[in-house]
Amino acid sequence: MNLFERYLTLWVGLCIVAGVALGHLWPAPFQAIGRLEIAQVNLPVALLIWLMIIPMLLKIDFGALHQVREHWKGIGVTLFINWAVKPFSMALLGWLFISTLFRPFLPADQIDSYIAGLILLAAAPCTAMVFVWSNLTNGEPHFTLSQVALNDSIMVVAFAPLVGLLLGLSAITVPWDTLFLSVVLYIVVPVIIAQAWRTLLLRSGPQALAATLARLGPLSLVALLATLVLLFAFQGEQIIAQPLVILLLAVPITIQVYLNSGLAYLLNKKLGVAHCVAGPSALIGASNFFELAVAAAISLFGFQSGAALATVVGVLIEVPVMLSVVKIVNSSKDWYERRLP
């Protein structure tokens, strides 16, 4: 691990501070960048995500994807957490914290809207950033790609009825354009680019691929930090204006991440799943598809709603909290690989 990677937490903290400060001091240029979007998908952020995940996708040999069948236990654990635990645990945490414990400190007319935003956030598993988390834990890349593709397929049919059930709504307006565009931008296009590039590199031998991967390694982390600056700069004004509300909304989201990642990690250990699968399984089980959540909240409740703000808080804490989960997964590898009694 080089010096840059060793102090990644420090760089993340500095980027958060820099993003909030830049967004507060010079909101106009960042608002202009924030408006560069199609179907609630921000194009500059999408470009940075490409820079993050294409180097990771270069490592994947599609000819070896059939090996993912060996990891069916890890896939089962992740699906269980994503679809049977996470949305319902978030609904429970929303009721406990937002509707009960924190009610005196929040605007009364927004309580239900905040809870709705939290549920929207938890009802869709993350699509793109999990490639970053998986790579940071030395996760099995074929498992990660297969799991993300499977979750995307389930999301198409399960997102609307699941959210409708938890929100008590008879009909949910799913922002299909956001869902479709996100899958194309974050999965289909990067996979095509990476595999075409991989094919060209391998024509010159495996050494060419290895050398390219070595050069691209730092690029992924730089793109991650730049994404963090942008995300916090986009919301700099909101953070300064409503710090208490944002802090309170962050509590159930943070607990939910640690709860679901921990449960997935322990279940994988209990089932004897390899650490290289358990790591990404825990991270996929805990992370959220915030682009879809934000778009759905705005579509259902409006841009200025508590639901939209709750999903934005999910965006803000996604990177720092998930990086802490990465650190836990990596530091506990020796413990994980000890044989269970």
# chains A, B, ... in the order shown; residues from 1 in each chain; ligands from 1
>>> residues_around(residues="A:Ala223", least_positions_apart="5", cutoff="8 Å", atoms="only C-alpha atoms", output="number ranges by chain")
A: 48-49, 51-52
>>> write_last_selection(atoms="N, CA, C and O atoms", output="tab-separated table (two decimals), in the first residue's frame")
chain	number	residue	atom	x	y	z
A	48	LEU	N	-16.43	10.84	-13.95
A	48	LEU	CA	-15.49	10.49	-12.89
A	48	LEU	C	-15.65	9.03	-12.46
A	48	LEU	O	-14.67	8.34	-12.15
A	49	ILE	N	-16.90	8.55	-12.44
A	49	ILE	CA	-17.14	7.16	-12.08
A	49	ILE	C	-16.54	6.23	-13.13
A	49	ILE	O	-16.00	5.17	-12.82
A	51	LEU	N	-13.82	6.87	-14.75
A	51	LEU	CA	-12.39	6.85	-14.44
A	51	LEU	C	-12.09	5.96	-13.24
A	51	LEU	O	-11.00	5.41	-13.12
A	52	MET	N	-13.08	5.82	-12.35
A	52	MET	CA	-12.90	4.95	-11.20
A	52	MET	C	-13.01	3.48	-11.56
A	52	MET	O	-12.20	2.66	-11.12
>>> residues_around(residues="stretch 303-315 of chain A", least_positions_apart="3", cutoff="6 Å", atoms="only C-alpha atoms", output="PyMOL selection string")
chain A and resi 110+113-114+116-118+121+290+294+297-298+318
>>> closest_residue(among="A:Leu58, A:Thr9, A:Ile33, A:Arg215", to="A:Leu200", atoms="only C-alpha atoms")
A:Leu58
>>> closest_atom_pairs(of="stretch 200-255 of chain A", to="stretch 176-196 of chain A", cutoff="12 Å", atoms="only C-alpha atoms", output="Markdown table")
| residue | atom | partner | partner_atom | distance |
| --- | --- | --- | --- | --- |
| A:Leu200 | CA | A:Ala196 | CA | 6.4 |
| A:Leu201 | CA | A:Ala196 | CA | 8.8 |
| A:Leu202 | CA | A:Ala196 | CA | 10.1 |
| A:Arg203 | CA | A:Ala196 | CA | 11.1 |
| A:Leu209 | CA | A:Ala194 | CA | 11.3 |
| A:Thr212 | CA | A:Ala194 | CA | 11.8 |
| A:Leu213 | CA | A:Ala194 | CA | 11.3 |
>>> write_last_selection(atoms="N, CA and C atoms", output="short mmCIF file (atom, residue, chain, number, x, y, z; two decimals), in the first residue's frame")
data_model
loop_
_atom_site.label_atom_id
_atom_site.label_comp_id
_atom_site.auth_asym_id
_atom_site.auth_seq_id
_atom_site.Cartn_x
_atom_site.Cartn_y
_atom_site.Cartn_z
N LEU A 200 -7.24 -5.26 -26.82
CA LEU A 200 -6.13 -4.61 -27.52
C LEU A 200 -4.81 -4.78 -26.76
N LEU A 201 -4.86 -4.62 -25.44
CA LEU A 201 -3.65 -4.73 -24.64
C LEU A 201 -3.09 -6.16 -24.67
N LEU A 202 -3.99 -7.16 -24.61
CA LEU A 202 -3.53 -8.55 -24.56
C LEU A 202 -2.91 -9.00 -25.88
N ARG A 203 -3.20 -8.26 -26.94
CA ARG A 203 -2.55 -8.58 -28.21
C ARG A 203 -1.03 -8.35 -28.11
N LEU A 209 -0.93 -5.49 -20.33
CA LEU A 209 -2.11 -5.30 -19.46
C LEU A 209 -1.66 -4.97 -18.04
N THR A 212 -0.35 -1.40 -17.81
CA THR A 212 -1.44 -0.42 -17.89
C THR A 212 -2.21 -0.34 -16.59
N LEU A 213 -2.49 -1.49 -15.99
CA LEU A 213 -3.21 -1.51 -14.71
C LEU A 213 -2.41 -0.82 -13.62
#
>>> residues_around(residues="A:Leu22", least_positions_apart="5", cutoff="10 Å", atoms="only C-alpha atoms", output="ChimeraX atom specification")
/A:16-17,27,29-30,229-230,232-234,236-237
>>> residues_around(residues="A:Phe88", least_positions_apart="2", cutoff="9 Å", atoms="only C-alpha atoms", output="MDAnalysis selection string")
chainID A and resid 83:86 90:93 119 122:123 166
>>> write_last_selection(atoms="all heavy atoms", output="PDB file, in the first residue's frame")
ATOM      1  N   TRP A  83     -32.554  -7.354  -0.497  1.00  0.00           N
ATOM      2  CA  TRP A  83     -33.985  -7.328  -0.810  1.00  0.00           C
ATOM      3  C   TRP A  83     -34.889  -7.759   0.343  1.00  0.00           C
ATOM      4  O   TRP A  83     -36.064  -7.392   0.364  1.00  0.00           O
ATOM      5  CB  TRP A  83     -34.254  -8.195  -2.046  1.00  0.00           C
ATOM      6  CG  TRP A  83     -33.516  -7.682  -3.237  1.00  0.00           C
ATOM      7  CD1 TRP A  83     -32.388  -8.192  -3.811  1.00  0.00           C
ATOM      8  CD2 TRP A  83     -33.819  -6.489  -3.971  1.00  0.00           C
ATOM      9  NE1 TRP A  83     -31.979  -7.423  -4.860  1.00  0.00           N
ATOM     10  CE2 TRP A  83     -32.842  -6.370  -4.985  1.00  0.00           C
ATOM     11  CE3 TRP A  83     -34.833  -5.531  -3.888  1.00  0.00           C
ATOM     12  CZ2 TRP A  83     -32.833  -5.318  -5.894  1.00  0.00           C
ATOM     13  CZ3 TRP A  83     -34.831  -4.483  -4.788  1.00  0.00           C
ATOM     14  CH2 TRP A  83     -33.839  -4.383  -5.775  1.00  0.00           C
ATOM     15  N   ALA A  84     -34.368  -8.502   1.317  1.00  0.00           N
ATOM     16  CA  ALA A  84     -35.213  -8.961   2.423  1.00  0.00           C
ATOM     17  C   ALA A  84     -34.908  -8.272   3.740  1.00  0.00           C
ATOM     18  O   ALA A  84     -35.709  -8.340   4.672  1.00  0.00           O
ATOM     19  CB  ALA A  84     -35.066 -10.481   2.601  1.00  0.00           C
ATOM     20  N   VAL A  85     -33.743  -7.602   3.831  1.00  0.00           N
ATOM     21  CA  VAL A  85     -33.352  -6.980   5.104  1.00  0.00           C
ATOM     22  C   VAL A  85     -33.254  -5.464   4.991  1.00  0.00           C
ATOM     23  O   VAL A  85     -33.874  -4.727   5.775  1.00  0.00           O
ATOM     24  CB  VAL A  85     -32.011  -7.564   5.598  1.00  0.00           C
ATOM     25  CG1 VAL A  85     -31.564  -6.849   6.881  1.00  0.00           C
ATOM     26  CG2 VAL A  85     -32.120  -9.054   5.841  1.00  0.00           C
ATOM     27  N   LYS A  86     -32.468  -4.971   4.040  1.00  0.00           N
ATOM     28  CA  LYS A  86     -32.099  -3.555   4.021  1.00  0.00           C
ATOM     29  C   LYS A  86     -33.289  -2.594   3.953  1.00  0.00           C
ATOM     30  O   LYS A  86     -33.373  -1.656   4.758  1.00  0.00           O
ATOM     31  CB  LYS A  86     -31.116  -3.280   2.872  1.00  0.00           C
ATOM     32  CG  LYS A  86     -30.559  -1.856   2.849  1.00  0.00           C
ATOM     33  CD  LYS A  86     -29.207  -1.807   2.159  1.00  0.00           C
ATOM     34  CE  LYS A  86     -29.345  -1.997   0.662  1.00  0.00           C
ATOM     35  NZ  LYS A  86     -29.445  -0.734  -0.071  1.00  0.00           N
ATOM     36  N   MET A  90     -34.268  -0.228   7.230  1.00  0.00           N
ATOM     37  CA  MET A  90     -34.274   1.235   7.115  1.00  0.00           C
ATOM     38  C   MET A  90     -35.617   1.814   7.518  1.00  0.00           C
ATOM     39  O   MET A  90     -35.683   2.871   8.180  1.00  0.00           O
ATOM     40  CB  MET A  90     -33.925   1.664   5.691  1.00  0.00           C
ATOM     41  CG  MET A  90     -33.874   3.177   5.513  1.00  0.00           C
ATOM     42  SD  MET A  90     -32.625   3.963   6.561  1.00  0.00           S
ATOM     43  CE  MET A  90     -31.269   4.081   5.405  1.00  0.00           C
ATOM     44  N   ALA A  91     -36.700   1.158   7.143  1.00  0.00           N
ATOM     45  CA  ALA A  91     -38.026   1.626   7.560  1.00  0.00           C
ATOM     46  C   ALA A  91     -38.131   1.622   9.088  1.00  0.00           C
ATOM     47  O   ALA A  91     -38.673   2.561   9.692  1.00  0.00           O
ATOM     48  CB  ALA A  91     -39.111   0.740   6.937  1.00  0.00           C
ATOM     49  N   LEU A  92     -37.600   0.578   9.718  1.00  0.00           N
ATOM     50  CA  LEU A  92     -37.630   0.488  11.183  1.00  0.00           C
ATOM     51  C   LEU A  92     -36.762   1.565  11.818  1.00  0.00           C
ATOM     52  O   LEU A  92     -37.175   2.242  12.770  1.00  0.00           O
ATOM     53  CB  LEU A  92     -37.154  -0.900  11.621  1.00  0.00           C
ATOM     54  CG  LEU A  92     -37.077  -1.136  13.131  1.00  0.00           C
ATOM     55  CD1 LEU A  92     -38.451  -0.968  13.776  1.00  0.00           C
ATOM     56  CD2 LEU A  92     -36.515  -2.535  13.420  1.00  0.00           C
ATOM     57  N   LEU A  93     -35.558   1.764  11.287  1.00  0.00           N
ATOM     58  CA  LEU A  93     -34.672   2.794  11.822  1.00  0.00           C
ATOM     59  C   LEU A  93     -35.250   4.196  11.606  1.00  0.00           C
ATOM     60  O   LEU A  93     -35.102   5.075  12.458  1.00  0.00           O
ATOM     61  CB  LEU A  93     -33.295   2.691  11.156  1.00  0.00           C
ATOM     62  CG  LEU A  93     -32.451   1.473  11.556  1.00  0.00           C
ATOM     63  CD1 LEU A  93     -31.247   1.333  10.631  1.00  0.00           C
ATOM     64  CD2 LEU A  93     -32.005   1.575  13.008  1.00  0.00           C
ATOM     65  N   ILE A 119     -36.401   5.331   2.949  1.00  0.00           N
ATOM     66  CA  ILE A 119     -36.845   4.058   2.362  1.00  0.00           C
ATOM     67  C   ILE A 119     -36.454   3.979   0.882  1.00  0.00           C
ATOM     68  O   ILE A 119     -35.980   2.940   0.401  1.00  0.00           O
ATOM     69  CB  ILE A 119     -38.357   3.884   2.555  1.00  0.00           C
ATOM     70  CG1 ILE A 119     -38.660   3.639   4.035  1.00  0.00           C
ATOM     71  CG2 ILE A 119     -38.892   2.740   1.692  1.00  0.00           C
ATOM     72  CD1 ILE A 119     -40.129   3.651   4.374  1.00  0.00           C
ATOM     73  N   ALA A 122     -32.848   3.058   0.588  1.00  0.00           N
ATOM     74  CA  ALA A 122     -32.475   1.680   0.941  1.00  0.00           C
ATOM     75  C   ALA A 122     -33.032   0.636  -0.014  1.00  0.00           C
ATOM     76  O   ALA A 122     -32.587  -0.513   0.003  1.00  0.00           O
ATOM     77  CB  ALA A 122     -32.952   1.372   2.357  1.00  0.00           C
ATOM     78  N   ALA A 123     -34.004   1.025  -0.840  1.00  0.00           N
ATOM     79  CA  ALA A 123     -34.712   0.038  -1.660  1.00  0.00           C
ATOM     80  C   ALA A 123     -33.985  -0.336  -2.941  1.00  0.00           C
ATOM     81  O   ALA A 123     -34.426  -1.248  -3.642  1.00  0.00           O
ATOM     82  CB  ALA A 123     -36.110   0.553  -2.000  1.00  0.00           C
ATOM     83  N   LEU A 166     -43.716  -0.432   1.428  1.00  0.00           N
ATOM     84  CA  LEU A 166     -43.184   0.221   2.628  1.00  0.00           C
ATOM     85  C   LEU A 166     -43.739   1.629   2.840  1.00  0.00           C
ATOM     86  O   LEU A 166     -43.858   2.087   3.973  1.00  0.00           O
ATOM     87  CB  LEU A 166     -41.653   0.274   2.546  1.00  0.00           C
ATOM     88  CG  LEU A 166     -40.955  -1.076   2.675  1.00  0.00           C
ATOM     89  CD1 LEU A 166     -39.474  -0.960   2.368  1.00  0.00           C
ATOM     90  CD2 LEU A 166     -41.154  -1.646   4.077  1.00  0.00           C
TER      91      LEU A 166
END
>>> closest_residue(among="A:Ala241, A:Val45, A:Val325, A:Leu10", to="A:Ile284", atoms="only C-alpha atoms")
A:Val325
>>> closest_atom_pairs(of="stretch 66-93 of chain A", to="stretch 133-154 of chain A", cutoff="12 Å", atoms="only C-alpha atoms", output="CSV")
residue,atom,partner,partner_atom,distance
A:His66,CA,A:His142,CA,8.8
A:Gln67,CA,A:His142,CA,7.9
A:Val68,CA,A:Phe143,CA,5.6
A:Arg69,CA,A:Phe143,CA,8.8
A:Glu70,CA,A:Phe143,CA,9.4
A:His71,CA,A:Phe143,CA,7.1
A:Trp72,CA,A:Phe143,CA,9.2
A:Lys73,CA,A:Phe143,CA,11.0
A:Gly74,CA,A:Phe143,CA,8.5
A:Ile75,CA,A:Gln147,CA,6.5
A:Gly76,CA,A:Gln147,CA,9.6
A:Val77,CA,A:Gln147,CA,10.7
A:Thr78,CA,A:Gln147,CA,8.0
A:Leu79,CA,A:Asn151,CA,7.6
A:Phe80,CA,A:Asn151,CA,11.1
A:Ile81,CA,A:Asn151,CA,11.4
A:Asn82,CA,A:Asn151,CA,8.4
A:Trp83,CA,A:Ile154,CA,9.1
>>> write_last_selection(atoms="N, CA and C atoms", output="mmCIF file, in the first residue's frame")
data_model
loop_
_atom_site.group_PDB
_atom_site.id
_atom_site.type_symbol
_atom_site.label_atom_id
_atom_site.label_comp_id
_atom_site.auth_asym_id
_atom_site.auth_seq_id
_atom_site.Cartn_x
_atom_site.Cartn_y
_atom_site.Cartn_z
ATOM 1 N N HIS A 66 -17.951 -17.937 -15.780
ATOM 2 C CA HIS A 66 -18.672 -19.136 -15.361
ATOM 3 C C HIS A 66 -18.235 -19.584 -13.963
ATOM 4 N N GLN A 67 -17.050 -19.139 -13.529
ATOM 5 C CA GLN A 67 -16.558 -19.518 -12.212
ATOM 6 C C GLN A 67 -17.386 -18.923 -11.075
ATOM 7 N N VAL A 68 -18.213 -17.924 -11.405
ATOM 8 C CA VAL A 68 -18.997 -17.268 -10.357
ATOM 9 C C VAL A 68 -19.992 -18.237 -9.716
ATOM 10 N N ARG A 69 -20.286 -19.346 -10.398
ATOM 11 C CA ARG A 69 -21.182 -20.349 -9.818
ATOM 12 C C ARG A 69 -20.614 -20.932 -8.526
ATOM 13 N N GLU A 70 -19.296 -20.873 -8.394
ATOM 14 C CA GLU A 70 -18.671 -21.359 -7.167
ATOM 15 C C GLU A 70 -19.012 -20.472 -5.975
ATOM 16 N N HIS A 71 -19.475 -19.251 -6.246
ATOM 17 C CA HIS A 71 -19.725 -18.280 -5.172
ATOM 18 C C HIS A 71 -21.224 -18.085 -4.924
ATOM 19 N N TRP A 72 -22.018 -19.150 -5.147
ATOM 20 C CA TRP A 72 -23.467 -18.997 -5.037
ATOM 21 C C TRP A 72 -23.904 -18.641 -3.612
ATOM 22 N N LYS A 73 -23.135 -19.076 -2.618
ATOM 23 C CA LYS A 73 -23.494 -18.730 -1.239
ATOM 24 C C LYS A 73 -23.368 -17.224 -1.013
ATOM 25 N N GLY A 74 -22.270 -16.636 -1.525
ATOM 26 C CA GLY A 74 -22.098 -15.190 -1.391
ATOM 27 C C GLY A 74 -23.188 -14.417 -2.111
ATOM 28 N N ILE A 75 -23.566 -14.893 -3.289
ATOM 29 C CA ILE A 75 -24.656 -14.247 -4.034
ATOM 30 C C ILE A 75 -25.959 -14.342 -3.258
ATOM 31 N N GLY A 76 -26.218 -15.506 -2.670
ATOM 32 C CA GLY A 76 -27.439 -15.675 -1.879
ATOM 33 C C GLY A 76 -27.490 -14.747 -0.685
ATOM 34 N N VAL A 77 -26.359 -14.606 0.009
ATOM 35 C CA VAL A 77 -26.300 -13.703 1.171
ATOM 36 C C VAL A 77 -26.573 -12.268 0.736
ATOM 37 N N THR A 78 -25.938 -11.836 -0.349
ATOM 38 C CA THR A 78 -26.106 -10.450 -0.805
ATOM 39 C C THR A 78 -27.543 -10.179 -1.214
ATOM 40 N N LEU A 79 -28.147 -11.104 -1.940
ATOM 41 C CA LEU A 79 -29.544 -10.924 -2.346
ATOM 42 C C LEU A 79 -30.464 -10.857 -1.130
ATOM 43 N N PHE A 80 -30.205 -11.700 -0.137
ATOM 44 C CA PHE A 80 -31.015 -11.693 1.082
ATOM 45 C C PHE A 80 -30.925 -10.343 1.793
ATOM 46 N N ILE A 81 -29.710 -9.825 1.935
ATOM 47 C CA ILE A 81 -29.529 -8.534 2.606
ATOM 48 C C ILE A 81 -30.165 -7.411 1.793
ATOM 49 N N ASN A 82 -29.900 -7.382 0.489
ATOM 50 C CA ASN A 82 -30.390 -6.286 -0.351
ATOM 51 C C ASN A 82 -31.896 -6.207 -0.423
ATOM 52 N N TRP A 83 -32.554 -7.354 -0.497
ATOM 53 C CA TRP A 83 -33.985 -7.328 -0.810
ATOM 54 C C TRP A 83 -34.889 -7.759 0.343
#
>>> select_by_dssp(residues="stretch 103-288 of chain A", states="alpha helix (DSSP H)", output="ChimeraX atom specification")
/A:111-122,130-136,141-167,176-183,189-202,206-234,236-241,243-270,275-286
>>> closest_residue(among="A:Pro320, A:Gly164, A:Gly285, A:Pro104", to="A:Asn268", atoms="only C-alpha atoms")
A:Gly285
>>> closest_residue(among="A:Asn42, A:Thr127, A:Asn330, A:Gln242", to="A:Ser287", atoms="only C-alpha atoms")
A:Thr127
>>> atom_distance(atom1="atom CA of A:Leu283", atom2="atom CA of A:Val321")
10.6 Å
>>> residues_around(residues="A:Ile115", least_positions_apart="4", cutoff="7 Å", atoms="only C-alpha atoms", output="list in words")
Gly94, Ile98, Ile111 and Ile119 of chain A
>>> closest_residue(among="A:Ala46, A:Leu263, A:Cys15, A:Val257", to="A:Ser324", atoms="only C-alpha atoms")
A:Val257
>>> closest_residue(among="A:Leu96, A:Pro55, A:Leu43, A:Ile253", to="A:Ala210", atoms="only C-alpha atoms")
A:Pro55
